[in-house]
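As structure tokens, the structure follows; a few thoughts come after it.
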Amino acid sequence: MSKHEQDTIATLQARSKAARAAILTMTTLSASGHPGGSMSAIDLLNCLYHTIRHDPSQPLLESRDRVVVSNGHISPAVYAILGLQGYFPLDEAISQFRLAGSRYEGHIEREVPGVEWSTGNLGQGLSAGVGMALAARVKQSEHRVYVMMGDGEQQKGQIGEARRLAVKYQLSNLCAIIDYNRLQISGSIHEVMPQNIRRNWEADGWAVLEVNGHDFEQILETLEQARRQDKPVMVLAHTVMGKGVDFMENLAKYHGSTLNPEQLDTALKQLGEPNRLEALKALRQKTELPVSGNCDMSFALKADLQGGQPIVYEKDTDNRSAWGNAITNLAEINKSSPTPIVVLDCDLASSVKTNDFAARFPERFFQGGIMEHNTAVVAGAISSCGIQTFWADFGMFGIAEVYNMQRLNDINHSNLKVVLTHVGLDVGEDGKTHQSVDYISLVRNLHGFRLILPADPNQTDRIIRWLINKPGNYIVAMGRSKLPILKTEDGEIFFKMDYNFEYGKADLLRVGNHGTVLVTGTPSARALKAVDKLREQGIYPQLYYVSSPCDLERSLLDEIARAKRVVTIEDHNVKGGLGSILADRLAEEGLCASLQKIGVRDYPVSGAADELYKRAGMDPSTLAEKISAWIQGPR
């Protein structure tokens, strides 16, 4: 070994000792955390940050290599190595670890400089790494992506989904590193859930390299070998839980148990590191942090994409076709933009109408197969890399099945646009397993997502064009069937060429003074037909189409309160949709109106959509009867 190499190893050894001292101090100080796995992984992280392209003074440097830490509970190790690298003052991280209001949370968060992806829900980090590696390909960047993982999390099925997608697209810029300490919370990984980690990865087509995860020379050489591979690489690193402190080593207890002050003192003496617990405790006690923080806008997409010329539909068609036509047209007119447009699919291109985009822009279209959990996170991660990203799927799969993945995207301040087709009763004959009637209530729980429901193909076109340049997370939900083109009372197209979509603003379809009707989603034309039928009888309710049911404008609430009577119509579970949102908002604002909620009250059955709407009381005739009875009822 040369003198330079000896000096490098000596530097790494000293840094690992300092990092171990920081890990143990911060977990003892907070009396919580995961020191054992942090101790087993720290040498790997130390070598990794020694070799990758990064700049602590520019955490968001575009050409940097990305490190995703999937097992986010080893946050003490991540904060220790990033602090020692100069991303932030290490004492700040130690003293504020798991302190309420601090960015140094129990599981790593993207707000911390140097952290690429918030993690903690095991099994999702590799999907994020795949997304970032795909983003590098789209942007023709040479940066590499590394994913640190635990061995216990290999039991998660989503990891297999991510492995297969990485091999399909031959992501040779992707390297996974598994901290193979053989212990998890309940004991040995082989007793908790037997698995052959190496064979699983090899079977999916990955190159696998094994290494002693505490031998710096071996680790550095293995990372160099990984860079020379022409396929995705997994490094299986044999490590020791609690490495560096003899009474902690190979004990599953220390996966989530911390040392008391006396044990900490003994451990630090073994490491040859000073005990600074009291000084850091004093620093922690005098730290004042805000009660709540604002969303970090540094992660917002910065795009200059053009909306182009609207398409005006005069004949009935389905909203999903309008979406498909719009995104293909937008990709065409923005093909020279520095902000790429990407679309992902899960084996439904012909149904969600992304097949034309796929044919014309194959390099921007990623087929994820029937692997929605993986695709949701892959799409979110791509969107975090300065790419306007759309993922189209059925309502049941794109939000209900992958709710936790969308929650993770939300926490990560991604910029994902999810287009859900086939929502509600309109799915028809596919039956209750596919009839997503809870998508509004699910999105209500995602603090950073906005939901838009287009009324007809013309509004769908305007919404997608409006959305093309927007940062943040949005869900656009629509049904499956052809819909009538909504028209004014004079027979003109309502959402005509000069219509401008405004998020949160309801559209007045019919003027009236006999109460108010609000409709959202696929029943729009049925509600309009019912109101027009009542007008023939001399009953004039005003009818609003609500495209943004989760964010009702105050002026609409005031108008409803003045009208005294309101009916909501939705192809959704009435317990959590538009009607419930309206009731909450009226109460919050101190307003009052008598409300009737019309929607889905049980799991639907299989049958033609028209029949299902009739069974639910949402055919035009029944709607007219219900609206008339409610708005003319006893005062």
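Ordered as shown in the structure tokens, chains take letters A, B, and onward, while each chain numbers its residues from 1 and ligands are numbered from 1 in the order shown.
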A:Val211 environment, 12 Å, only C-alpha atoms, sequence neighbours closer than 5 positions dropped, as a ChimeraX atom specification: /A:43-44,177-180,216-223,225-226,234-239
Could you pull out the strand (DSSP E) residues of stretch 420-526 of chain A from DSSP and send them as a PyMOL selection string? chain A and resi 420-421+449-452+473-477+482-483+507-510+516-520
Applying 12 Å and only C-alpha atoms, which residues near A:Gln158 remain after dropping the ones on its own chain fewer than 6 positions away? List them as an MDAnalysis selection string. chainID A and resid 121:128 164:165 370:378 402 405
Export of the given selection (all heavy atoms) as a compact mmCIF listing (two decimals), in the first residue's frame:
```
# COMPACT_ATOMS: atom_id res chain seq x y z
N ASN A 121 -39.87 4.39 5.87
CA ASN A 121 -40.73 3.27 5.50
C ASN A 121 -39.89 2.31 4.67
O ASN A 121 -39.64 2.55 3.49
CB ASN A 121 -41.94 3.74 4.69
CG ASN A 121 -42.79 4.75 5.45
OD1 ASN A 121 -42.32 5.35 6.40
ND2 ASN A 121 -44.01 4.91 5.04
N LEU A 122 -39.45 1.23 5.28
CA LEU A 122 -38.47 0.37 4.64
C LEU A 122 -39.00 -0.20 3.32
O LEU A 122 -40.19 -0.44 3.14
CB LEU A 122 -38.09 -0.77 5.58
CG LEU A 122 -37.33 -0.34 6.84
CD1 LEU A 122 -37.08 -1.53 7.77
CD2 LEU A 122 -36.01 0.33 6.47
N GLY A 123 -38.06 -0.42 2.38
CA GLY A 123 -38.39 -1.02 1.10
C GLY A 123 -38.66 -0.04 -0.01
O GLY A 123 -38.90 -0.45 -1.15
N GLN A 124 -38.61 1.28 0.28
CA GLN A 124 -38.95 2.26 -0.75
C GLN A 124 -37.73 2.99 -1.31
O GLN A 124 -37.81 3.61 -2.37
CB GLN A 124 -39.93 3.29 -0.17
CG GLN A 124 -41.24 2.66 0.27
CD GLN A 124 -42.29 3.67 0.67
OE1 GLN A 124 -42.17 4.85 0.39
NE2 GLN A 124 -43.34 3.21 1.32
N GLY A 125 -36.60 2.91 -0.63
CA GLY A 125 -35.43 3.68 -1.06
C GLY A 125 -34.88 3.28 -2.40
O GLY A 125 -34.43 4.13 -3.17
N LEU A 126 -34.91 1.97 -2.70
CA LEU A 126 -34.37 1.54 -4.00
C LEU A 126 -35.23 2.11 -5.13
O LEU A 126 -34.70 2.48 -6.18
CB LEU A 126 -34.31 0.02 -4.08
CG LEU A 126 -33.62 -0.53 -5.33
CD1 LEU A 126 -32.17 -0.07 -5.41
CD2 LEU A 126 -33.69 -2.06 -5.39
N SER A 127 -36.53 2.18 -4.93
CA SER A 127 -37.40 2.78 -5.95
C SER A 127 -37.02 4.23 -6.20
O SER A 127 -36.97 4.69 -7.34
CB SER A 127 -38.86 2.70 -5.51
OG SER A 127 -39.29 1.37 -5.37
N ALA A 128 -36.73 4.97 -5.12
CA ALA A 128 -36.30 6.36 -5.28
C ALA A 128 -34.98 6.43 -6.03
O ALA A 128 -34.79 7.29 -6.91
CB ALA A 128 -36.16 7.03 -3.91
N ARG A 164 -36.20 -5.18 -10.72
CA ARG A 164 -36.54 -5.57 -12.09
C ARG A 164 -36.59 -4.36 -13.02
O ARG A 164 -36.15 -4.44 -14.18
CB ARG A 164 -37.87 -6.33 -12.09
CG ARG A 164 -37.76 -7.71 -11.46
CD ARG A 164 -39.02 -8.53 -11.64
NE ARG A 164 -40.09 -8.10 -10.77
CZ ARG A 164 -40.24 -8.46 -9.50
NH1 ARG A 164 -39.35 -9.26 -8.94
NH2 ARG A 164 -41.27 -8.04 -8.78
N LEU A 165 -37.12 -3.25 -12.54
CA LEU A 165 -37.17 -2.06 -13.40
C LEU A 165 -35.75 -1.55 -13.69
O LEU A 165 -35.46 -1.12 -14.81
CB LEU A 165 -38.00 -0.95 -12.73
CG LEU A 165 -38.37 0.20 -13.66
CD1 LEU A 165 -39.37 -0.26 -14.71
CD2 LEU A 165 -38.94 1.37 -12.88
N ILE A 370 -46.85 -4.17 -13.93
CA ILE A 370 -47.84 -4.21 -12.86
C ILE A 370 -47.11 -4.12 -11.52
O ILE A 370 -47.08 -5.05 -10.72
CB ILE A 370 -48.69 -5.50 -12.96
CG1 ILE A 370 -49.26 -5.62 -14.39
CG2 ILE A 370 -49.85 -5.45 -11.97
CD1 ILE A 370 -49.95 -6.93 -14.66
N MET A 371 -46.49 -2.98 -11.30
CA MET A 371 -45.68 -2.75 -10.11
C MET A 371 -45.94 -1.32 -9.60
O MET A 371 -45.07 -0.46 -9.63
CB MET A 371 -44.19 -2.96 -10.42
CG MET A 371 -43.86 -4.33 -10.99
SD MET A 371 -42.09 -4.74 -11.03
CE MET A 371 -41.42 -3.40 -12.01
N GLU A 372 -47.17 -1.11 -9.14
CA GLU A 372 -47.58 0.25 -8.80
C GLU A 372 -46.82 0.84 -7.62
O GLU A 372 -46.55 2.04 -7.60
CB GLU A 372 -49.09 0.28 -8.51
CG GLU A 372 -49.97 0.04 -9.74
CD GLU A 372 -50.22 -1.42 -10.03
OE1 GLU A 372 -49.71 -2.27 -9.26
OE2 GLU A 372 -50.93 -1.72 -11.02
N HIS A 373 -46.51 0.02 -6.60
CA HIS A 373 -45.82 0.56 -5.43
C HIS A 373 -44.47 1.15 -5.84
O HIS A 373 -44.11 2.27 -5.45
CB HIS A 373 -45.62 -0.53 -4.38
CG HIS A 373 -46.89 -1.04 -3.79
ND1 HIS A 373 -47.64 -2.02 -4.41
CD2 HIS A 373 -47.56 -0.70 -2.66
CE1 HIS A 373 -48.72 -2.26 -3.67
NE2 HIS A 373 -48.69 -1.47 -2.62
N ASN A 374 -43.74 0.40 -6.63
CA ASN A 374 -42.45 0.88 -7.11
C ASN A 374 -42.62 2.09 -8.02
O ASN A 374 -41.92 3.10 -7.86
CB ASN A 374 -41.75 -0.25 -7.87
CG ASN A 374 -40.47 0.21 -8.53
OD1 ASN A 374 -39.54 0.66 -7.88
ND2 ASN A 374 -40.43 0.10 -9.85
N THR A 375 -43.56 2.03 -8.94
CA THR A 375 -43.72 3.10 -9.93
C THR A 375 -44.10 4.42 -9.26
O THR A 375 -43.65 5.49 -9.68
CB THR A 375 -44.76 2.71 -10.98
OG1 THR A 375 -44.37 1.46 -11.58
CG2 THR A 375 -44.86 3.76 -12.07
N ALA A 376 -44.92 4.36 -8.22
CA ALA A 376 -45.31 5.59 -7.53
C ALA A 376 -44.09 6.32 -6.98
O ALA A 376 -43.97 7.54 -7.12
CB ALA A 376 -46.29 5.27 -6.40
N VAL A 377 -43.17 5.58 -6.37
CA VAL A 377 -41.99 6.22 -5.79
C VAL A 377 -40.98 6.60 -6.88
O VAL A 377 -40.35 7.66 -6.81
CB VAL A 377 -41.34 5.31 -4.73
CG1 VAL A 377 -40.11 5.97 -4.13
CG2 VAL A 377 -42.35 4.98 -3.63
N VAL A 378 -40.83 5.73 -7.88
CA VAL A 378 -39.95 6.06 -9.01
C VAL A 378 -40.39 7.38 -9.64
O VAL A 378 -39.58 8.28 -9.90
CB VAL A 378 -39.96 4.93 -10.06
CG1 VAL A 378 -39.30 5.40 -11.36
CG2 VAL A 378 -39.23 3.70 -9.53
N VAL A 402 -51.61 2.65 -3.40
CA VAL A 402 -50.27 3.16 -3.10
C VAL A 402 -50.33 4.42 -2.23
O VAL A 402 -49.46 5.28 -2.31
CB VAL A 402 -49.50 3.46 -4.41
CG1 VAL A 402 -49.33 2.21 -5.23
CG2 VAL A 402 -50.19 4.54 -5.24
N MET A 405 -47.13 5.37 -0.51
CA MET A 405 -46.08 5.85 -1.41
C MET A 405 -46.36 7.31 -1.81
O MET A 405 -45.43 8.12 -1.91
CB MET A 405 -46.01 4.97 -2.65
CG MET A 405 -45.44 3.58 -2.40
SD MET A 405 -46.61 2.54 -1.49
CE MET A 405 -45.51 1.26 -0.90
```
With distances taken over only C-alpha atoms, the candidate from A:Arg480, A:His34, A:Arg585, A:Arg462 nearest A:Pro310 is A:Arg462
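The residues of stretch 79-142 of chain A that DSSP assigns to helix (DSSP H, G or I) on this backbone come out as Tyr79, Ala80, Ile81, Leu82, Gly83, Leu84, Gln85, Leu90, Asp91, Glu92, Ala93, Ile94, Ser95, Gln96, Gly125, Leu126, Ser127, Ala128, Gly129, Val130, Gly131, Met132, Ala133, Leu134, Ala135, Ala136, Arg137 and Val138 of chain A.
When only C-alpha atoms are used to compute distances to A:Ser383, the closest of the residues A:Lys302, A:Lys315, A:His447, A:Lys482 turns out to be A:Lys302.
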Can you list, as a compact mmCIF listing (two decimals) with all heavy atoms, in the first residue's frame, every protein, DNA or RNA residue that comes within 9 Å of A:Asn329 when you count only C-alpha atoms, leaving out same-chain residues fewer than 4 positions away?
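File around.txt, as written:
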```
# COMPACT_ATOMS: atom_id res chain seq x y z
N GLY A 308 -49.49 25.87 -25.05
CA GLY A 308 -49.94 25.63 -26.42
C GLY A 308 -51.39 26.02 -26.67
O GLY A 308 -52.05 26.64 -25.84
N GLY A 324 -54.86 12.29 -22.87
CA GLY A 324 -53.84 11.69 -23.72
C GLY A 324 -53.46 12.58 -24.89
O GLY A 324 -52.26 12.74 -25.21
N ASN A 325 -54.46 13.20 -25.51
CA ASN A 325 -54.17 14.11 -26.63
C ASN A 325 -53.39 15.33 -26.14
O ASN A 325 -52.46 15.80 -26.82
CB ASN A 325 -55.48 14.56 -27.28
CG ASN A 325 -56.21 13.43 -27.97
OD1 ASN A 325 -55.60 12.42 -28.34
ND2 ASN A 325 -57.52 13.58 -28.14
N ILE A 333 -44.79 20.34 -28.46
CA ILE A 333 -44.48 21.76 -28.55
C ILE A 333 -43.36 22.15 -27.58
O ILE A 333 -42.75 23.21 -27.73
CB ILE A 333 -45.73 22.64 -28.32
CG1 ILE A 333 -46.27 22.46 -26.90
CG2 ILE A 333 -46.80 22.33 -29.34
CD1 ILE A 333 -47.45 23.36 -26.59
N ASN A 334 -43.08 21.29 -26.58
CA ASN A 334 -42.03 21.60 -25.60
C ASN A 334 -40.81 20.68 -25.74
O ASN A 334 -40.00 20.60 -24.82
CB ASN A 334 -42.59 21.47 -24.18
CG ASN A 334 -43.54 22.59 -23.81
OD1 ASN A 334 -43.13 23.72 -23.61
ND2 ASN A 334 -44.82 22.26 -23.73
N PHE A 357 -48.34 8.97 -26.64
CA PHE A 357 -47.13 9.59 -26.11
C PHE A 357 -45.98 8.59 -26.16
O PHE A 357 -44.86 8.93 -26.56
CB PHE A 357 -47.37 10.04 -24.67
CG PHE A 357 -46.19 10.71 -24.02
CD1 PHE A 357 -46.11 12.09 -23.97
CD2 PHE A 357 -45.15 9.97 -23.46
CE1 PHE A 357 -45.01 12.72 -23.39
CE2 PHE A 357 -44.06 10.58 -22.88
CZ PHE A 357 -43.99 11.96 -22.84
```
Per-residue nearest contacts of stretch 363-444 of chain A to stretch 319-322 of chain A (12 Å; only C-alpha atoms) as CSV:
```
residue,atom,partner,partner_atom,distance
A:Ala392,CA,A:Arg320,CA,9.7
A:Asp393,CA,A:Arg320,CA,10.6
A:Phe394,CA,A:Arg320,CA,10.7
A:Val419,CA,A:Arg320,CA,8.9
A:Leu420,CA,A:Arg320,CA,8.8
A:Thr421,CA,A:Arg320,CA,6.5
A:His422,CA,A:Arg320,CA,8.8
A:Val423,CA,A:Arg320,CA,11.2
```
Just-selected residues, all heavy atoms written as a PDB file, in the first residue's frame:
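Wrote it out as out.pdb, contents follow:
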```pdb
ATOM      1  N   ALA A 392     -49.828   8.000 -15.062  1.00  0.00           N
ATOM      2  CA  ALA A 392     -51.241   7.726 -15.299  1.00  0.00           C
ATOM      3  C   ALA A 392     -51.565   6.299 -14.875  1.00  0.00           C
ATOM      4  O   ALA A 392     -50.849   5.358 -15.215  1.00  0.00           O
ATOM      5  CB  ALA A 392     -51.586   7.932 -16.779  1.00  0.00           C
ATOM      6  N   ASP A 393     -52.664   6.155 -14.139  1.00  0.00           N
ATOM      7  CA  ASP A 393     -53.069   4.835 -13.657  1.00  0.00           C
ATOM      8  C   ASP A 393     -54.545   4.879 -13.311  1.00  0.00           C
ATOM      9  O   ASP A 393     -55.166   5.948 -13.293  1.00  0.00           O
ATOM     10  CB  ASP A 393     -52.240   4.447 -12.424  1.00  0.00           C
ATOM     11  CG  ASP A 393     -52.087   2.937 -12.276  1.00  0.00           C
ATOM     12  OD1 ASP A 393     -53.023   2.199 -12.655  1.00  0.00           O
ATOM     13  OD2 ASP A 393     -51.039   2.485 -11.782  1.00  0.00           O
ATOM     14  N   PHE A 394     -55.118   3.718 -13.033  1.00  0.00           N
ATOM     15  CA  PHE A 394     -56.500   3.666 -12.583  1.00  0.00           C
ATOM     16  C   PHE A 394     -56.577   4.236 -11.161  1.00  0.00           C
ATOM     17  O   PHE A 394     -55.626   4.150 -10.384  1.00  0.00           O
ATOM     18  CB  PHE A 394     -57.018   2.233 -12.579  1.00  0.00           C
ATOM     19  CG  PHE A 394     -57.328   1.663 -13.933  1.00  0.00           C
ATOM     20  CD1 PHE A 394     -57.031   2.352 -15.092  1.00  0.00           C
ATOM     21  CD2 PHE A 394     -57.933   0.417 -14.049  1.00  0.00           C
ATOM     22  CE1 PHE A 394     -57.327   1.817 -16.347  1.00  0.00           C
ATOM     23  CE2 PHE A 394     -58.229  -0.126 -15.288  1.00  0.00           C
ATOM     24  CZ  PHE A 394     -57.931   0.568 -16.439  1.00  0.00           C
ATOM     25  N   VAL A 419     -52.338  11.222 -12.912  1.00  0.00           N
ATOM     26  CA  VAL A 419     -53.594  11.263 -13.660  1.00  0.00           C
ATOM     27  C   VAL A 419     -54.321   9.952 -13.398  1.00  0.00           C
ATOM     28  O   VAL A 419     -53.873   8.876 -13.814  1.00  0.00           O
ATOM     29  CB  VAL A 419     -53.351  11.466 -15.165  1.00  0.00           C
ATOM     30  CG1 VAL A 419     -54.673  11.442 -15.920  1.00  0.00           C
ATOM     31  CG2 VAL A 419     -52.627  12.787 -15.405  1.00  0.00           C
ATOM     32  N   LEU A 420     -55.429  10.034 -12.678  1.00  0.00           N
ATOM     33  CA  LEU A 420     -56.210   8.855 -12.335  1.00  0.00           C
ATOM     34  C   LEU A 420     -57.410   8.753 -13.263  1.00  0.00           C
ATOM     35  O   LEU A 420     -58.264   9.644 -13.286  1.00  0.00           O
ATOM     36  CB  LEU A 420     -56.710   8.944 -10.889  1.00  0.00           C
ATOM     37  CG  LEU A 420     -55.658   9.069  -9.785  1.00  0.00           C
ATOM     38  CD1 LEU A 420     -56.345   9.170  -8.428  1.00  0.00           C
ATOM     39  CD2 LEU A 420     -54.697   7.898  -9.811  1.00  0.00           C
ATOM     40  N   THR A 421     -57.459   7.705 -14.026  1.00  0.00           N
ATOM     41  CA  THR A 421     -58.659   7.415 -14.817  1.00  0.00           C
ATOM     42  C   THR A 421     -59.427   6.291 -14.114  1.00  0.00           C
ATOM     43  O   THR A 421     -58.955   5.721 -13.140  1.00  0.00           O
ATOM     44  CB  THR A 421     -58.292   6.988 -16.248  1.00  0.00           C
ATOM     45  OG1 THR A 421     -57.695   5.679 -16.225  1.00  0.00           O
ATOM     46  CG2 THR A 421     -57.301   7.969 -16.873  1.00  0.00           C
ATOM     47  N   HIS A 422     -60.628   6.009 -14.583  1.00  0.00           N
ATOM     48  CA  HIS A 422     -61.405   4.890 -14.050  1.00  0.00           C
ATOM     49  C   HIS A 422     -61.684   5.049 -12.555  1.00  0.00           C
ATOM     50  O   HIS A 422     -61.445   4.144 -11.755  1.00  0.00           O
ATOM     51  CB  HIS A 422     -60.710   3.554 -14.317  1.00  0.00           C
ATOM     52  CG  HIS A 422     -60.604   3.201 -15.763  1.00  0.00           C
ATOM     53  ND1 HIS A 422     -59.833   3.929 -16.650  1.00  0.00           N
ATOM     54  CD2 HIS A 422     -61.157   2.190 -16.484  1.00  0.00           C
ATOM     55  CE1 HIS A 422     -59.929   3.395 -17.853  1.00  0.00           C
ATOM     56  NE2 HIS A 422     -60.723   2.344 -17.778  1.00  0.00           N
ATOM     57  N   VAL A 423     -62.183   6.233 -12.155  1.00  0.00           N
ATOM     58  CA  VAL A 423     -62.583   6.404 -10.772  1.00  0.00           C
ATOM     59  C   VAL A 423     -64.098   6.262 -10.661  1.00  0.00           C
ATOM     60  O   VAL A 423     -64.838   6.507 -11.609  1.00  0.00           O
ATOM     61  CB  VAL A 423     -62.132   7.764 -10.196  1.00  0.00           C
ATOM     62  CG1 VAL A 423     -60.632   7.914 -10.277  1.00  0.00           C
ATOM     63  CG2 VAL A 423     -62.835   8.927 -10.877  1.00  0.00           C
TER      64      VAL A 423
END
```
Just want the 9 Å neighbourhood of stretch 540-552 of chain A, counted on only C-alpha atoms, with same-chain residues fewer than 6 positions away dropped. Output as a VMD selection string. chain A and resid 440 to 441 443 to 444 450 to 455 503 to 521 524 527 to 528 531 to 532 534 577 to 578 581 to 582 585 627 to 628 631
Using the selection just defined, write its residues with C-alpha atoms as a compact mmCIF listing (two decimals), in the first residue's frame.
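And here is the file that came out, result37.txt:
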```
# COMPACT_ATOMS: atom_id res chain seq x y z
CA ILE A 440 -61.20 12.43 -2.65
CA SER A 441 -61.06 11.43 1.00
CA VAL A 443 -56.21 12.99 -1.13
CA ARG A 444 -57.66 15.14 1.67
CA ARG A 450 -53.98 19.23 -4.84
CA LEU A 451 -56.91 17.42 -6.46
CA ILE A 452 -58.61 18.42 -9.72
CA LEU A 453 -61.66 16.73 -11.27
CA PRO A 454 -62.38 17.85 -14.86
CA ALA A 455 -66.03 18.12 -15.88
CA TYR A 503 -57.59 26.19 -9.21
CA GLY A 504 -60.15 26.45 -6.41
CA LYS A 505 -62.71 28.38 -8.47
CA ALA A 506 -66.09 26.75 -9.11
CA ASP A 507 -67.75 27.23 -12.51
CA LEU A 508 -71.35 28.48 -12.58
CA LEU A 509 -73.15 26.30 -15.13
CA ARG A 510 -76.67 27.60 -14.47
CA VAL A 511 -77.90 30.76 -12.75
CA GLY A 512 -80.81 30.40 -10.32
CA ASN A 513 -82.40 31.54 -7.08
CA HIS A 514 -83.88 28.29 -5.72
CA GLY A 515 -81.02 26.89 -3.68
CA THR A 516 -77.64 25.68 -4.88
CA VAL A 517 -76.43 22.44 -6.43
CA LEU A 518 -72.75 21.49 -6.44
CA VAL A 519 -71.51 18.65 -8.60
CA THR A 520 -68.02 17.27 -9.04
CA GLY A 521 -66.58 14.57 -11.27
CA SER A 524 -71.54 16.58 -14.20
CA ALA A 527 -76.61 16.95 -12.79
CA LEU A 528 -76.87 19.53 -15.58
CA VAL A 531 -81.27 21.03 -13.32
CA ASP A 532 -82.40 21.82 -16.87
CA LEU A 534 -86.32 21.45 -13.21
CA GLY A 577 -66.07 13.62 -0.39
CA LEU A 578 -67.40 16.96 -1.59
CA ILE A 581 -65.76 18.91 2.80
CA LEU A 582 -68.52 21.48 2.30
CA ARG A 585 -65.92 24.39 5.63
CA ILE A 627 -83.09 18.35 -5.80
CA SER A 628 -86.67 19.56 -6.11
CA ILE A 631 -84.78 22.90 -2.13
```
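Minimum atom-to-atom distances from A:Asn212, A:Ser172, A:Gly152, A:Ile475 to A:Ile189 were compared using only C-alpha atoms, and the lowest value belongs to A:Gly152.
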Need the shell around stretch 94-104 of chain A: protein/DNA/RNA residues with any atom at most 9 Å away, counting only C-alpha atoms. Skip same-chain ones fewer than 3 positions apart. Format as a PyMOL selection string? chain A and resi 22-23+25-27+29-30+32-33+75-76+79-80+90-91+107-112+280-285+287-293
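The smallest atom-to-atom distance between A:Met241 and any of A:Arg144, A:Lys286, A:His190, A:Arg182, using only C-alpha atoms, is found for A:Arg182.
Take atom CA of A:Gly431 and atom CA of A:Pro604: the distance between them is 6.9 Å.
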Would you pick out the contacts of A:Asp498 at 12 Å or less, using only C-alpha atoms, so that residues sharing its chain but fewer than 5 positions from it are not included, and give the list as a PyMOL selection string? chain A and resi 309-312+458-459+462+493
Now that the selection is made, can you save its residues with C-alpha atoms as a short mmCIF file (atom, residue, chain, number, x, y, z; two decimals), in the first residue's frame?
```
data_model
loop_
_atom_site.label_atom_id
_atom_site.label_comp_id
_atom_site.auth_asym_id
_atom_site.auth_seq_id
_atom_site.Cartn_x
_atom_site.Cartn_y
_atom_site.Cartn_z
CA GLN A 309 -53.22 25.99 -28.29
CA PRO A 310 -56.28 24.39 -26.65
CA ILE A 311 -58.15 21.59 -28.38
CA VAL A 312 -61.89 22.23 -28.56
CA ASN A 458 -62.76 20.50 -22.93
CA GLN A 459 -62.06 21.30 -19.31
CA ARG A 462 -57.45 23.19 -20.31
CA ILE A 493 -69.71 25.09 -25.46
#
```
List every residue of stretch 571-611 of chain A that has an atom at most 8 Å from any atom of stretch 555-565 of chain A, giving for each one its closest atom pair and the distance in Å to one decimal, counting only C-alpha atoms, sorted by chain and then by ascending residue number, as a Markdown table.
```
| residue | atom | partner | partner_atom | distance |
| --- | --- | --- | --- | --- |
| A:Arg585 | CA | A:Leu557 | CA | 7.8 |
| A:Leu586 | CA | A:Leu557 | CA | 6.6 |
| A:Leu591 | CA | A:Ala561 | CA | 6.0 |
| A:Cys592 | CA | A:Ala561 | CA | 5.5 |
| A:Ala593 | CA | A:Lys564 | CA | 4.5 |
| A:Ser594 | CA | A:Arg565 | CA | 4.9 |
| A:Leu595 | CA | A:Arg565 | CA | 6.2 |
```
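The nearest approach to A:Ala252 among the residues A:Gly369, A:Pro620, A:Pro35, A:Pro471, with only C-alpha atoms taken into account, belongs to A:Pro35.
Note that the spacing between atom CA of A:Leu277 and atom CA of A:Ala41 amounts to 22.7 Å.
The closest residue to A:Ala162, picked from A:Pro232, A:Asn355, A:Ala609, A:Arg276 and counting only C-alpha atoms, is A:Pro232.
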